[in-house]
2 protein chains.
Amino acid sequence: MKELLLLGLLLDGKKHGYQLNEYYKHTLSFCADLKKSTAYYILNKLEKDGYVVHETERQGNRPERRVYELTETGRVLFYELLRQNLADYSRTYYDDDIGIAFIDQLPMGEAKQLLKAKRDKLIGTLNQFKEVPAHEGSWRFVIEHNISHLETEVSWLERMLEELCDD
Amino acid sequence: MKELLLLGLLLDGKKHGYQLNEYYKHTLSFCADLKKSTAYYILNKLEKDGYVVHETERQGNRPERRVYELTETGRVLFYELLRQNLADYSRTYYDDDIGIAFIDQLPMGEAKQLLKAKRDKLIGTLNQFKEVPAHEGSWRFVIEHNISHLETEVSWLERMLEELCDD
DNA sequence: AACTGATTAGTCAGTAATGACTACTTTAAC
DNA sequence: GTTAAAGTAGTCATTACTGACTAATCAGTT
């Protein structure tokens with residue numbers, strides 16, 4: 001998937017590392033977690049397979065930098081991956097479930113305290129999302145998507161906190 | 001997190017690889033994706049750090065096998081990881097969002113067809129979950145958790161399918 | 001002019017994860 | 001009795017990913 005993201009960032013013209021990262025931060029950091037070193041790793045791989053090329057440029061006295069550009073096959077790959085991404089579904093695993101599966105190993109009172117801490121962090125994240133200014137286009141759906149899932153998570157947690165009996 | 005899972009599987013006594021895998025399949029395969037080779041990888045790591053030990057046994061004419069057992073520090077680690085897991089929250093990234101972010105790159109008609117394919121697969125997964133027989137204890141919450149998120153995903157998709165205009 | 005912190009660019013060693021593979025056993029079908 | 005399918009146990013080469021690091025420039029401050 002991260003390939004799709006990087007190819008997509010290069011769709012509208014060549015970019016160097018910093019531009020890629022800025023663009024990612026402002027528009028796509030909601031969708032995926034992309035570390036800088038991972039980005040270079042993937043760009044190298046894409047280049048080895050001929051999907052992108054780079055030339056080296058120097059601006060002023062700055063260190064050299066690589067300007068990446070999509071090749072034709074890179075553009076084809078982008079559309080292929082995009083179609084796949086839109087048509088496929090693969091289930092998400094939630095780490096939270098592992099803890100719940102073993103919750104009986106703790107006294108219920110303590111477990112509930114811990115879950116309340118989780119809930120508070122969760123609500124913090126949710127509020128951050130709610131403060132994101134409205135965006136144009138398909139962007140809106142991404143934000144709504146995440147908010148829906150966060151709200152689902154909160155209700156689930158609160159339902160559990162109610163139903164777990166203190167014993 | 002997979003450490004927590006494996007330590008948890010060993011809580012109620014020593015087990016060999018096959019028993020671990022069986023137990024995982026029947027009870028925890030809903031919570032996490034654990035490949036066999038990953039399990040061995042993690043067991044080796046846990047053993048190197050002294051959290052589990054193994055002895056080799058042979059039954060009949062079968063090939064040798066390792067029976068893993070929790071050490072005291074392993075048991076302590078389990079409870080530490082469990083408390084962490086219950087109290088922490090870290091956001092989930094959804095691959096679906098990456099495709100949505102670039103959906104404008106396709107004719108809307110095609111995009112909607114692709115999303116309908118996604119929805120159908122999604123509904124398939126949802127139905128599988130709904131057929132899971134009711135379970136005892138905290139288990140129920142895991143199932144409900146996943147069903148809630150799957151339903152959220154379906155509504156989101158259908159809302160999008162309605163709102164995306166054909167142009 | 002010396003210091004500080006943010007910006008810019010990239011490398012590299014080490015960790016994490018897994019697909020593909022070997023090899024042997026048991027059950028049971030034909 | 002031989003072929004097939006499923007069960008059983010584990011290794012290994014390769015891929016995927018990341019934290020920590022170097023190194024330089026630039027803007028602002030003291």
# chains A, B, ... in the order shown; residues from 1 in each chain; ligands from 1
$ residues_around --residues "C:DC12" --least-positions-apart "2" --cutoff "10 Å" --atoms "only C-alpha atoms (C1' of nucleotides)" --output "PyMOL selection string"
(chain C and resi 14) or (chain D and resi 20-21)
$ residues_around --residues "D:DT18" --least-positions-apart "4" --cutoff "8 Å" --atoms "only C-alpha atoms (C1' of nucleotides)" --output "list in words"
Lys35, Ser37 and Thr38 of chain A
$ atom_distance --atom1 "atom C1' of C:DC3" --atom2 "atom C1' of D:DA27"
12.4 Å
$ residues_around --residues "D:DA16" --least-positions-apart "6" --cutoff "9 Å" --atoms "only C-alpha atoms (C1' of nucleotides)" --output "list of chain:residue names"
A:Thr38, A:Tyr41, C:DA16, C:DA17
$ write_last_selection --atoms "N, CA and C atoms (P, O5', C5', C4', C3', O3' and C1' of nucleotides)" --output "PDB file, in the first residue's frame"
ATOM      1  N   THR A  38      11.486   4.653   5.724  1.00  0.00           N
ATOM      2  CA  THR A  38      10.659   3.730   4.949  1.00  0.00           C
ATOM      3  C   THR A  38      10.394   4.300   3.562  1.00  0.00           C
ATOM      4  N   TYR A  41      13.362   3.718   1.508  1.00  0.00           N
ATOM      5  CA  TYR A  41      13.440   2.288   1.214  1.00  0.00           C
ATOM      6  C   TYR A  41      12.529   1.939   0.039  1.00  0.00           C
TER       7      TYR A  41
ATOM      8  P    DA C  16      12.386  -6.634  17.246  1.00  0.00           P
ATOM      9  O5'  DA C  16      11.559  -6.859  15.916  1.00  0.00           O
ATOM     10  C5'  DA C  16      11.046  -5.744  15.241  1.00  0.00           C
ATOM     11  C4'  DA C  16      10.154  -6.215  14.138  1.00  0.00           C
ATOM     12  C3'  DA C  16       9.351  -7.472  14.474  1.00  0.00           C
ATOM     13  O3'  DA C  16       8.020  -7.175  14.087  1.00  0.00           O
ATOM     14  C1'  DA C  16      10.580  -7.821  12.476  1.00  0.00           C
ATOM     15  P    DA C  17       6.859  -8.265  14.170  1.00  0.00           P
ATOM     16  O5'  DA C  17       6.981  -8.975  12.760  1.00  0.00           O
ATOM     17  C5'  DA C  17       6.695  -8.204  11.600  1.00  0.00           C
ATOM     18  C4'  DA C  17       6.749  -9.114  10.405  1.00  0.00           C
ATOM     19  C3'  DA C  17       5.946 -10.410  10.560  1.00  0.00           C
ATOM     20  O3'  DA C  17       4.938 -10.357   9.570  1.00  0.00           O
ATOM     21  C1'  DA C  17       8.108 -10.824   9.639  1.00  0.00           C
TER      22       DA C  17
END
$ select_by_dssp --residues "stretch 6-162 of chain B" --states "strand (DSSP E)" --output "mmCIF file with N, CA and C atoms, in the first residue's frame"
data_model
loop_
_atom_site.group_PDB
_atom_site.id
_atom_site.type_symbol
_atom_site.label_atom_id
_atom_site.label_comp_id
_atom_site.auth_asym_id
_atom_site.auth_seq_id
_atom_site.Cartn_x
_atom_site.Cartn_y
_atom_site.Cartn_z
ATOM 1 N N LYS B 15 3.432 -26.059 26.379
ATOM 2 C CA LYS B 15 2.805 -26.522 25.136
ATOM 3 C C LYS B 15 3.875 -26.648 24.053
ATOM 4 N N HIS B 16 3.673 -27.530 23.119
ATOM 5 C CA HIS B 16 4.560 -27.580 21.957
ATOM 6 C C HIS B 16 3.916 -26.850 20.785
ATOM 7 N N VAL B 52 10.861 -17.508 28.160
ATOM 8 C CA VAL B 52 10.382 -18.889 28.043
ATOM 9 C C VAL B 52 11.601 -19.814 27.945
ATOM 10 N N VAL B 53 11.391 -21.074 28.239
ATOM 11 C CA VAL B 53 12.431 -22.084 28.012
ATOM 12 C C VAL B 53 11.789 -23.249 27.271
ATOM 13 N N HIS B 54 12.604 -24.054 26.613
ATOM 14 C CA HIS B 54 12.018 -25.242 25.994
ATOM 15 C C HIS B 54 12.857 -26.468 26.308
ATOM 16 N N GLU B 55 12.184 -27.603 26.351
ATOM 17 C CA GLU B 55 12.901 -28.870 26.390
ATOM 18 C C GLU B 55 12.453 -29.651 25.159
ATOM 19 N N THR B 56 13.293 -30.579 24.759
ATOM 20 C CA THR B 56 12.965 -31.350 23.558
ATOM 21 C C THR B 56 12.372 -32.682 23.964
ATOM 22 N N GLU B 57 11.265 -33.037 23.303
ATOM 23 C CA GLU B 57 10.687 -34.347 23.619
ATOM 24 C C GLU B 57 10.414 -35.097 22.314
ATOM 25 N N ARG B 65 10.298 -32.577 19.051
ATOM 26 C CA ARG B 65 9.612 -31.298 19.101
ATOM 27 C C ARG B 65 9.945 -30.589 20.413
ATOM 28 N N ARG B 66 9.764 -29.263 20.366
ATOM 29 C CA ARG B 66 10.109 -28.441 21.516
ATOM 30 C C ARG B 66 8.863 -28.133 22.321
ATOM 31 N N VAL B 67 8.979 -28.354 23.591
ATOM 32 C CA VAL B 67 7.886 -28.005 24.483
ATOM 33 C C VAL B 67 8.273 -26.725 25.210
ATOM 34 N N TYR B 68 7.505 -25.679 24.982
ATOM 35 C CA TYR B 68 7.827 -24.378 25.551
ATOM 36 C C TYR B 68 7.126 -24.187 26.871
ATOM 37 N N GLU B 69 7.779 -23.455 27.761
ATOM 38 C CA GLU B 69 7.226 -23.217 29.084
ATOM 39 C C GLU B 69 7.603 -21.800 29.528
ATOM 40 N N LEU B 70 6.667 -21.154 30.208
ATOM 41 C CA LEU B 70 6.900 -19.812 30.729
ATOM 42 C C LEU B 70 7.884 -19.859 31.899
#
$ closest_residue --among "B:Leu9, B:Leu82, B:Cys31, B:Ala39" --to "chain D" --atoms "only C-alpha atoms (C1' of nucleotides)"
B:Ala39
$ closest_residue --among "B:Glu64, B:Arg58, B:Ala32, B:Thr92" --to "chain D" --atoms "only C-alpha atoms (C1' of nucleotides)"
B:Glu64
$ residues_around --residues "C:DC21" --least-positions-apart "3" --cutoff "12 Å" --atoms "only C-alpha atoms (C1' of nucleotides)" --output "PyMOL selection string"
chain D and resi 10-13
$ write_last_selection --atoms "all heavy atoms" --output "mmCIF file, in the first residue's frame"
data_model
loop_
_atom_site.group_PDB
_atom_site.id
_atom_site.type_symbol
_atom_site.label_atom_id
_atom_site.label_comp_id
_atom_site.auth_asym_id
_atom_site.auth_seq_id
_atom_site.Cartn_x
_atom_site.Cartn_y
_atom_site.Cartn_z
ATOM 1 P P DG D 10 9.580 -28.548 16.938
ATOM 2 O OP1 DG D 10 10.600 -28.938 17.911
ATOM 3 O OP2 DG D 10 8.385 -27.800 17.331
ATOM 4 O "O5'" DG D 10 10.323 -27.766 15.780
ATOM 5 C "C5'" DG D 10 11.353 -28.511 15.089
ATOM 6 C "C4'" DG D 10 11.736 -27.768 13.848
ATOM 7 O "O4'" DG D 10 10.639 -27.699 12.934
ATOM 8 C "C3'" DG D 10 12.181 -26.327 14.046
ATOM 9 O "O3'" DG D 10 13.590 -26.307 13.926
ATOM 10 C "C2'" DG D 10 11.498 -25.566 12.930
ATOM 11 C "C1'" DG D 10 10.974 -26.668 12.025
ATOM 12 N N9 DG D 10 9.808 -26.301 11.251
ATOM 13 C C8 DG D 10 8.539 -26.046 11.696
ATOM 14 N N7 DG D 10 7.717 -25.720 10.730
ATOM 15 C C5 DG D 10 8.502 -25.756 9.592
ATOM 16 C C6 DG D 10 8.165 -25.496 8.255
ATOM 17 O O6 DG D 10 7.071 -25.161 7.778
ATOM 18 N N1 DG D 10 9.255 -25.655 7.405
ATOM 19 C C2 DG D 10 10.511 -26.033 7.816
ATOM 20 N N2 DG D 10 11.447 -26.133 6.860
ATOM 21 N N3 DG D 10 10.845 -26.283 9.059
ATOM 22 C C4 DG D 10 9.802 -26.123 9.894
ATOM 23 P P DT D 11 14.454 -25.004 13.990
ATOM 24 O OP1 DT D 11 15.704 -25.366 14.683
ATOM 25 O OP2 DT D 11 13.654 -23.849 14.424
ATOM 26 O "O5'" DT D 11 14.815 -24.822 12.449
ATOM 27 C "C5'" DT D 11 15.258 -25.955 11.703
ATOM 28 C "C4'" DT D 11 15.664 -25.512 10.309
ATOM 29 O "O4'" DT D 11 14.477 -25.188 9.537
ATOM 30 C "C3'" DT D 11 16.549 -24.262 10.260
ATOM 31 O "O3'" DT D 11 17.525 -24.523 9.250
ATOM 32 C "C2'" DT D 11 15.571 -23.145 9.887
ATOM 33 C "C1'" DT D 11 14.583 -23.890 8.988
ATOM 34 N N1 DT D 11 13.184 -23.369 8.933
ATOM 35 C C2 DT D 11 12.632 -23.102 7.718
ATOM 36 O O2 DT D 11 13.225 -23.235 6.663
ATOM 37 N N3 DT D 11 11.327 -22.675 7.762
ATOM 38 C C4 DT D 11 10.540 -22.490 8.884
ATOM 39 O O4 DT D 11 9.381 -22.115 8.793
ATOM 40 C C5 DT D 11 11.195 -22.787 10.137
ATOM 41 C C7 DT D 11 10.433 -22.618 11.400
ATOM 42 C C6 DT D 11 12.465 -23.203 10.096
ATOM 43 P P DC D 12 18.835 -23.627 9.159
ATOM 44 O OP1 DC D 12 19.932 -24.563 8.832
ATOM 45 O OP2 DC D 12 18.897 -22.727 10.330
ATOM 46 O "O5'" DC D 12 18.583 -22.717 7.869
ATOM 47 C "C5'" DC D 12 17.933 -23.272 6.721
ATOM 48 C "C4'" DC D 12 17.636 -22.143 5.745
ATOM 49 O "O4'" DC D 12 16.260 -21.720 5.893
ATOM 50 C "C3'" DC D 12 18.487 -20.891 5.979
ATOM 51 O "O3'" DC D 12 18.798 -20.359 4.712
ATOM 52 C "C2'" DC D 12 17.542 -19.983 6.763
ATOM 53 C "C1'" DC D 12 16.221 -20.323 6.070
ATOM 54 N N1 DC D 12 14.996 -20.011 6.857
ATOM 55 C C2 DC D 12 13.827 -19.679 6.167
ATOM 56 O O2 DC D 12 13.839 -19.655 4.931
ATOM 57 N N3 DC D 12 12.711 -19.402 6.870
ATOM 58 C C4 DC D 12 12.733 -19.436 8.204
ATOM 59 N N4 DC D 12 11.616 -19.162 8.857
ATOM 60 C C5 DC D 12 13.917 -19.759 8.928
ATOM 61 C C6 DC D 12 15.019 -20.040 8.216
ATOM 62 P P DA D 13 20.114 -19.546 4.399
ATOM 63 O OP1 DA D 13 21.214 -20.487 4.116
ATOM 64 O OP2 DA D 13 20.254 -18.505 5.448
ATOM 65 O "O5'" DA D 13 19.714 -18.839 3.026
ATOM 66 C "C5'" DA D 13 18.836 -19.521 2.122
ATOM 67 C "C4'" DA D 13 17.909 -18.523 1.450
ATOM 68 O "O4'" DA D 13 16.804 -18.207 2.341
ATOM 69 C "C3'" DA D 13 18.564 -17.188 1.099
ATOM 70 O "O3'" DA D 13 18.071 -16.796 -0.167
ATOM 71 C "C2'" DA D 13 18.128 -16.255 2.237
ATOM 72 C "C1'" DA D 13 16.758 -16.811 2.594
ATOM 73 N N9 DA D 13 16.369 -16.657 4.001
ATOM 74 C C8 DA D 13 17.174 -16.755 5.110
ATOM 75 N N7 DA D 13 16.539 -16.577 6.255
ATOM 76 C C5 DA D 13 15.225 -16.353 5.869
ATOM 77 C C6 DA D 13 14.059 -16.102 6.606
ATOM 78 N N6 DA D 13 14.017 -16.044 7.936
ATOM 79 N N1 DA D 13 12.913 -15.922 5.907
ATOM 80 C C2 DA D 13 12.944 -15.994 4.570
ATOM 81 N N3 DA D 13 13.984 -16.219 3.763
ATOM 82 C C4 DA D 13 15.107 -16.396 4.487
#
$ residues_around --residues "D:DT22" --least-positions-apart "4" --cutoff "12 Å" --atoms "only C-alpha atoms (C1' of nucleotides)" --output "list in words"
DA9, DG10, DT11 and DC12 of chain C
$ interface_residues --of "chain B" --to "chain A" --cutoff "8 Å" --atoms "only C-alpha atoms" --output "tab-separated table (two decimals) with N, CA, C and O atoms, in the first residue's frame"
chain	number	residue	atom	x	y	z
B	1	MET	N	2.92	-6.88	20.46
B	1	MET	CA	1.63	-7.47	20.83
B	1	MET	C	1.60	-9.00	20.65
B	1	MET	O	0.97	-9.71	21.41
B	4	LEU	N	2.65	-10.79	23.68
B	4	LEU	CA	1.57	-10.94	24.65
B	4	LEU	C	0.74	-12.16	24.33
B	4	LEU	O	0.41	-12.98	25.20
B	5	LEU	N	0.41	-12.31	23.08
B	5	LEU	CA	-0.42	-13.42	22.66
B	5	LEU	C	0.24	-14.76	22.96
B	5	LEU	O	-0.37	-15.66	23.54
B	8	GLY	N	0.53	-15.44	26.60
B	8	GLY	CA	-0.79	-15.78	27.09
B	8	GLY	C	-1.16	-17.23	26.78
B	8	GLY	O	-1.78	-17.92	27.59
B	28	LEU	N	-7.89	-17.51	19.20
B	28	LEU	CA	-7.33	-16.16	19.06
B	28	LEU	C	-7.16	-15.71	17.62
B	28	LEU	O	-6.72	-14.59	17.37
B	30	PHE	N	-9.17	-14.69	15.74
B	30	PHE	CA	-9.97	-13.50	15.46
B	30	PHE	C	-9.25	-12.21	15.85
B	30	PHE	O	-9.57	-11.14	15.35
B	31	CYS	N	-8.33	-12.34	16.76
B	31	CYS	CA	-7.69	-11.16	17.33
B	31	CYS	C	-6.42	-10.75	16.60
B	31	CYS	O	-6.03	-9.58	16.64
B	32	ALA	N	-5.74	-11.70	16.02
B	32	ALA	CA	-4.43	-11.36	15.46
B	32	ALA	C	-4.06	-12.36	14.39
B	32	ALA	O	-4.55	-13.49	14.37
B	33	ASP	N	-3.20	-11.94	13.53
B	33	ASP	CA	-2.73	-12.77	12.44
B	33	ASP	C	-1.36	-13.28	12.84
B	33	ASP	O	-0.41	-12.51	12.92
B	82	LEU	N	0.07	-7.09	29.39
B	82	LEU	CA	-1.40	-7.08	29.43
B	82	LEU	C	-1.90	-5.74	29.95
B	82	LEU	O	-2.81	-5.14	29.36
B	83	ARG	N	-1.28	-5.25	31.03
B	83	ARG	CA	-1.73	-3.96	31.59
B	83	ARG	C	-1.52	-2.85	30.56
B	83	ARG	O	-2.38	-1.99	30.38
B	85	ASN	N	-1.41	-3.17	27.31
B	85	ASN	CA	-2.37	-3.34	26.22
B	85	ASN	C	-3.73	-2.79	26.60
B	85	ASN	O	-4.39	-2.11	25.80
B	86	LEU	N	-4.16	-3.05	27.85
B	86	LEU	CA	-5.49	-2.60	28.26
B	86	LEU	C	-5.55	-1.08	28.42
B	86	LEU	O	-6.58	-0.46	28.15
B	87	ALA	N	-4.44	-0.47	28.83
B	87	ALA	CA	-4.47	0.96	29.14
B	87	ALA	C	-4.13	1.84	27.94
B	87	ALA	O	-4.52	3.01	27.90
B	88	ASP	N	-3.40	1.30	26.98
B	88	ASP	CA	-2.95	2.15	25.87
B	88	ASP	C	-3.94	2.17	24.73
B	88	ASP	O	-4.73	1.26	24.56
B	89	TYR	N	-3.87	3.24	23.99
B	89	TYR	CA	-4.60	3.26	22.72
B	89	TYR	C	-3.68	3.79	21.64
B	89	TYR	O	-3.04	4.82	21.82
B	90	SER	N	-3.62	3.11	20.54
B	90	SER	CA	-2.88	3.69	19.41
B	90	SER	C	-3.73	3.53	18.17
B	90	SER	O	-4.34	2.49	17.94
B	91	ARG	N	-3.82	4.58	17.41
B	91	ARG	CA	-4.81	4.62	16.35
B	91	ARG	C	-4.53	3.60	15.26
B	91	ARG	O	-3.38	3.23	14.98
B	92	THR	N	-5.58	3.19	14.64
B	92	THR	CA	-5.53	2.23	13.55
B	92	THR	C	-5.51	3.00	12.23
B	92	THR	O	-6.25	3.97	12.07
B	93	TYR	N	-4.67	2.59	11.33
B	93	TYR	CA	-4.72	3.16	9.98
B	93	TYR	C	-5.46	2.20	9.07
B	93	TYR	O	-5.25	1.00	9.14
B	94	TYR	N	-6.30	2.73	8.23
B	94	TYR	CA	-7.07	1.90	7.31
B	94	TYR	C	-6.55	2.07	5.89
B	94	TYR	O	-6.53	3.18	5.35
B	95	ASP	N	-6.11	0.96	5.31
B	95	ASP	CA	-5.59	1.00	3.94
B	95	ASP	C	-6.61	1.58	2.97
B	95	ASP	O	-6.25	2.23	1.99
B	96	ASP	N	-7.87	1.32	3.24
B	96	ASP	CA	-8.93	1.82	2.38
B	96	ASP	C	-8.79	3.31	2.11
B	96	ASP	O	-9.11	3.80	1.02
B	97	ASP	N	-8.33	4.04	3.11
B	97	ASP	CA	-8.27	5.49	2.97
B	97	ASP	C	-7.32	5.94	1.88
B	97	ASP	O	-7.52	6.99	1.26
B	98	ILE	N	-6.27	5.18	1.66
B	98	ILE	CA	-5.30	5.58	0.65
B	98	ILE	C	-5.98	5.61	-0.73
B	98	ILE	O	-5.83	6.57	-1.48
B	99	GLY	N	-6.74	4.57	-1.02
B	99	GLY	CA	-7.45	4.55	-2.29
B	99	GLY	C	-8.43	5.71	-2.40
B	99	GLY	O	-8.53	6.35	-3.45
B	100	ILE	N	-9.16	5.96	-1.32
B	100	ILE	CA	-10.14	7.05	-1.34
B	100	ILE	C	-9.45	8.39	-1.61
B	100	ILE	O	-9.95	9.23	-2.35
B	101	ALA	N	-8.29	8.57	-1.00
B	101	ALA	CA	-7.57	9.83	-1.18
B	101	ALA	C	-7.26	10.09	-2.66
B	101	ALA	O	-7.15	11.24	-3.08
B	102	PHE	N	-7.13	9.03	-3.44
B	102	PHE	CA	-6.78	9.20	-4.86
B	102	PHE	C	-7.94	8.87	-5.78
B	102	PHE	O	-7.75	8.72	-6.99
B	103	ILE	N	-9.13	8.77	-5.25
B	103	ILE	CA	-10.25	8.25	-6.05
B	103	ILE	C	-10.55	9.13	-7.26
B	103	ILE	O	-11.04	8.65	-8.28
B	104	ASP	N	-10.22	10.41	-7.16
B	104	ASP	CA	-10.48	11.33	-8.27
B	104	ASP	C	-9.71	10.99	-9.53
B	104	ASP	O	-10.01	11.50	-10.61
B	111	ALA	N	-14.94	3.92	-10.44
B	111	ALA	CA	-14.63	3.89	-9.01
B	111	ALA	C	-15.77	3.29	-8.22
B	111	ALA	O	-15.56	2.46	-7.32
B	114	LEU	N	-15.89	-0.44	-8.50
B	114	LEU	CA	-14.84	-1.06	-7.69
B	114	LEU	C	-15.23	-1.07	-6.21
B	114	LEU	O	-15.07	-2.06	-5.51
B	115	LEU	N	-15.79	0.05	-5.77
B	115	LEU	CA	-16.19	0.13	-4.36
B	115	LEU	C	-17.32	-0.85	-4.04
B	115	LEU	O	-17.41	-1.37	-2.94
B	116	LYS	N	-18.18	-1.09	-5.04
B	116	LYS	CA	-19.23	-2.08	-4.80
B	116	LYS	C	-18.65	-3.47	-4.61
B	116	LYS	O	-19.12	-4.25	-3.78
B	117	ALA	N	-17.58	-3.76	-5.37
B	117	ALA	CA	-16.91	-5.05	-5.17
B	117	ALA	C	-16.35	-5.13	-3.76
B	117	ALA	O	-16.47	-6.15	-3.07
B	118	LYS	N	-15.76	-4.02	-3.30
B	118	LYS	CA	-15.24	-4.00	-1.94
B	118	LYS	C	-16.36	-4.26	-0.93
B	118	LYS	O	-16.22	-5.07	-0.02
B	119	ARG	N	-17.46	-3.57	-1.14
B	119	ARG	CA	-18.57	-3.72	-0.21
B	119	ARG	C	-19.02	-5.18	-0.12
B	119	ARG	O	-19.29	-5.70	0.97
B	121	LYS	N	-17.32	-7.93	-0.68
B	121	LYS	CA	-16.38	-8.76	0.08
B	121	LYS	C	-16.53	-8.49	1.57
B	121	LYS	O	-16.49	-9.39	2.40
B	122	LEU	N	-16.67	-7.21	1.88
B	122	LEU	CA	-16.83	-6.78	3.26
B	122	LEU	C	-18.04	-7.45	3.91
B	122	LEU	O	-17.98	-7.98	5.03
B	125	THR	N	-17.34	-11.00	4.80
B	125	THR	CA	-16.61	-11.12	6.07
B	125	THR	C	-17.54	-10.91	7.24
B	125	THR	O	-17.51	-11.66	8.23
B	138	SER	N	-15.19	-13.04	28.09
B	138	SER	CA	-14.73	-11.82	27.45
B	138	SER	C	-14.71	-11.97	25.94
B	138	SER	O	-14.69	-11.01	25.19
B	139	TRP	N	-14.73	-13.19	25.52
B	139	TRP	CA	-14.77	-13.56	24.15
B	139	TRP	C	-15.85	-12.89	23.33
B	139	TRP	O	-15.64	-12.47	22.21
B	141	PHE	N	-17.06	-10.05	23.74
B	141	PHE	CA	-16.72	-8.67	23.44
B	141	PHE	C	-15.84	-8.56	22.20
B	141	PHE	O	-15.94	-7.61	21.44
B	142	VAL	N	-14.97	-9.52	22.05
B	142	VAL	CA	-14.09	-9.51	20.87
B	142	VAL	C	-14.92	-9.62	19.60
B	142	VAL	O	-14.72	-8.86	18.64
B	145	HIS	N	-16.94	-6.51	19.05
B	145	HIS	CA	-16.04	-5.45	18.64
B	145	HIS	C	-15.82	-5.47	17.13
B	145	HIS	O	-15.98	-4.47	16.43
B	148	SER	N	-19.01	-4.66	15.15
B	148	SER	CA	-19.30	-3.23	15.15
B	148	SER	C	-18.47	-2.50	14.11
B	148	SER	O	-18.97	-1.67	13.35
B	149	HIS	N	-17.18	-2.79	14.10
B	149	HIS	CA	-16.33	-2.09	13.13
B	149	HIS	C	-16.67	-2.47	11.70
B	149	HIS	O	-16.64	-1.61	10.80
B	152	THR	N	-19.72	-0.52	10.80
B	152	THR	CA	-19.33	0.87	10.56
B	152	THR	C	-18.76	1.02	9.15
B	152	THR	O	-19.07	1.98	8.43
B	153	GLU	N	-17.93	0.06	8.79
B	153	GLU	CA	-17.29	0.11	7.48
B	153	GLU	C	-18.32	0.02	6.36
B	153	GLU	O	-18.25	0.75	5.37
B	156	TRP	N	-20.28	3.29	6.07
B	156	TRP	CA	-19.44	4.33	5.48
B	156	TRP	C	-19.36	4.15	3.97
B	156	TRP	O	-19.54	5.10	3.20
B	160	MET	N	-20.84	6.65	1.05
B	160	MET	CA	-20.02	7.18	-0.04
B	160	MET	C	-20.62	6.86	-1.39
B	160	MET	O	-20.66	7.71	-2.28
